[in-house]
Every structure is written in structure tokens, then in C-alpha cells.
Amino acid sequence: MFKSQWLERLSHVHPIVPLLIWVPISLFVLAMGIEHAVLSPLELAAWAATGVLSWTLVEYVLHRYVFHLQIDSHWGRRFHFLLHGVHHDDPNDPSRLVMPPAASFILALILIPIFRLIFGPEIYLPFLAGFIWGYLAYDYIHFAVHHFTPRTPVGKFLKQSHMLHHFTEVESRWGVSSPLWDYVFGTTGRSKKKKRSD
């Protein structure tokens with residue numbers, strides 16, 4: 001993908017890496033939130049759950065509007081390929097199924113100050129911990145749907161939905177860890193099928 005060996009190495013990530021980086025960070029953030037808590041345990045849990053839910057919306061927006069951004073120029077096409085196109089070209093490459101740490105750190109540097117500004121110093125900590133857990137769920141659900149045969153109804157549904165996104169409905173099914181926002185924004189792909197049969 002890159003002429004530079006150094007950049008090429010950075011583009012491959014072992015699936016365990018996000019877990020090793022972000023679980024300790026999320027636990028530290030949560031511990032800080034508990035230590036400086038002005039919230040009850042129930043409120044802390046509710047804000048962490050809100051963080052998880054918020055990740056699903058960010059995941060949807062990133063996948064739909066950033067990862068699939070089409071810019072009709074040499075550099076635009078190159079940017080798209082590096083960001084996400086390589087995954088669609090080789091969807092089963094196990095070293096390119098989780099987000100590279102550099103990308104997740106850049107995203108964190110952008111979002112953490114925004115979260116602190118919106119929620120304030122007490123609430124943003126449990127919210128951020130939940131947001132990180134949502135991101136980790138996304139990374140590992142994405143890895144699992146490409147490399148394992150799910151046995152549960154939820155797992156089978158998520159795999160089928162993501163495979164439809166890859167192979168037949170590229171312009172729909174943007175949610176990977178959750179179909180929630182595809183239903184909210186009407187991007188499940190089913191409406192197109194109904195229109196064709198009318």
C-alpha cells in the first residue's frame with residue numbers, strides 16, 4: 001500500500017493492539033470519574049451507557065461520510081483508498097480490520113476536548129469511558145464478522161448486514177456494531193429493494 005516500509009508497517013495492526021491500548025486508558029478515565037464524582041453510581045453508569053450509544057452514531061457518521069468520501073481527483077482517490085478503500089479491496093486482511101492506533105489517537109485528540117466542553121469536567125469522564133468501550137466493541141465486532149462464523153442471532157444479523165454492505169449494498173448499512181442509525185436515517189438498504197419490486 002505504501003512505498004515506505006515504515007508507513008506500510010504502521011498500516012498493519014494486530015487485532016489485540018486496540019485492546020491493549022484503550023482498555024487501560026478507559027479504566028483510568030473511569031477511575032478518575034469515580035474519584036472526582038459528583039454523580040451517583042447510577043448516574044455514572046448512565047453517562048457511560050450514553051457514551052457507548054454516542055459511539056454508534058460517530059461510527060455511522062465516520063463510515064458513511066468520511067470512510068466513503070469520494071473526491072474525484074488523484075489525491076482524493078488515494079486518500080479514500082488509504083482510509084477505507086483498501087479494506088473494501090481486501091476485506092479479509094486480518095491486519096487491517098481494526099483501527100490503527102495513530103488514527104484512533106487523532107480521533108481522540110479531536111473528540112476529548114469537545115466532550116469536555118459539552119459535558120463539563122465531571123460528566124465527560126464516564127461518558128468518555130463508555131465511548132471508548134463502544135469504539136472497542138465496534139473494532140472487535142468488525143473483526144469477528146470478517147473472521148468468524150457467528151452462532152447467535154445477533155451475531156448472524158450483524159455479519160449478514162456488514163457483508164451486504166461490502167458486496168451488494170455499498171451505499172447503505174453504515175452501522176457495523178449496531179444497525180440503530182441505519183434504521184433512524186433509512187439506510188438499511190431495504191427501501192431500495194422494495195422500490196425495485198414495485
# chains A, B, ... in the order shown; residues from 1 in each chain; ligands from 1
$ residues_around --residues "A:Trp22" --least-positions-apart "4" --cutoff "12 Å" --atoms "only C-alpha atoms" --output "list in words"
Ile16, Val17, Pro18, Ser26, Leu27, Phe28, Val29, Leu30, Met99, Pro100, Pro101, Ser104, Phe105, Ala108, Leu128, Ala129, Gly130, Phe131, Ile132, Trp133, Gly134, Tyr135, Leu136, Ala137 and Asp139 of chain A
$ closest_residue --among "A:Gly189, A:Gly155, A:Pro179, A:Pro126" --to "A:Ala31" --atoms "only C-alpha atoms"
A:Pro126
$ closest_residue --among "A:Val98, A:Leu180, A:Glu122, A:Leu111" --to "A:Val145" --atoms "only C-alpha atoms"
A:Val98
$ closest_residue --among "A:Ile123, A:Val170, A:Leu117, A:Leu42" --to "A:Thr187" --atoms "only C-alpha atoms"
A:Val170
$ atom_distance --atom1 "atom CA of A:Ile141" --atom2 "atom CA of A:Ser177"
6.0 Å
$ atom_distance --atom1 "atom CA of A:Trp181" --atom2 "atom CA of A:Tyr138"
14.0 Å
$ closest_residue --among "A:Val58, A:Val154, A:Gly120, A:Ser161" --to "A:Leu107" --atoms "only C-alpha atoms"
A:Val58
$ atom_distance --atom1 "atom CA of A:Ile34" --atom2 "atom CA of A:Ile106"
25.9 Å
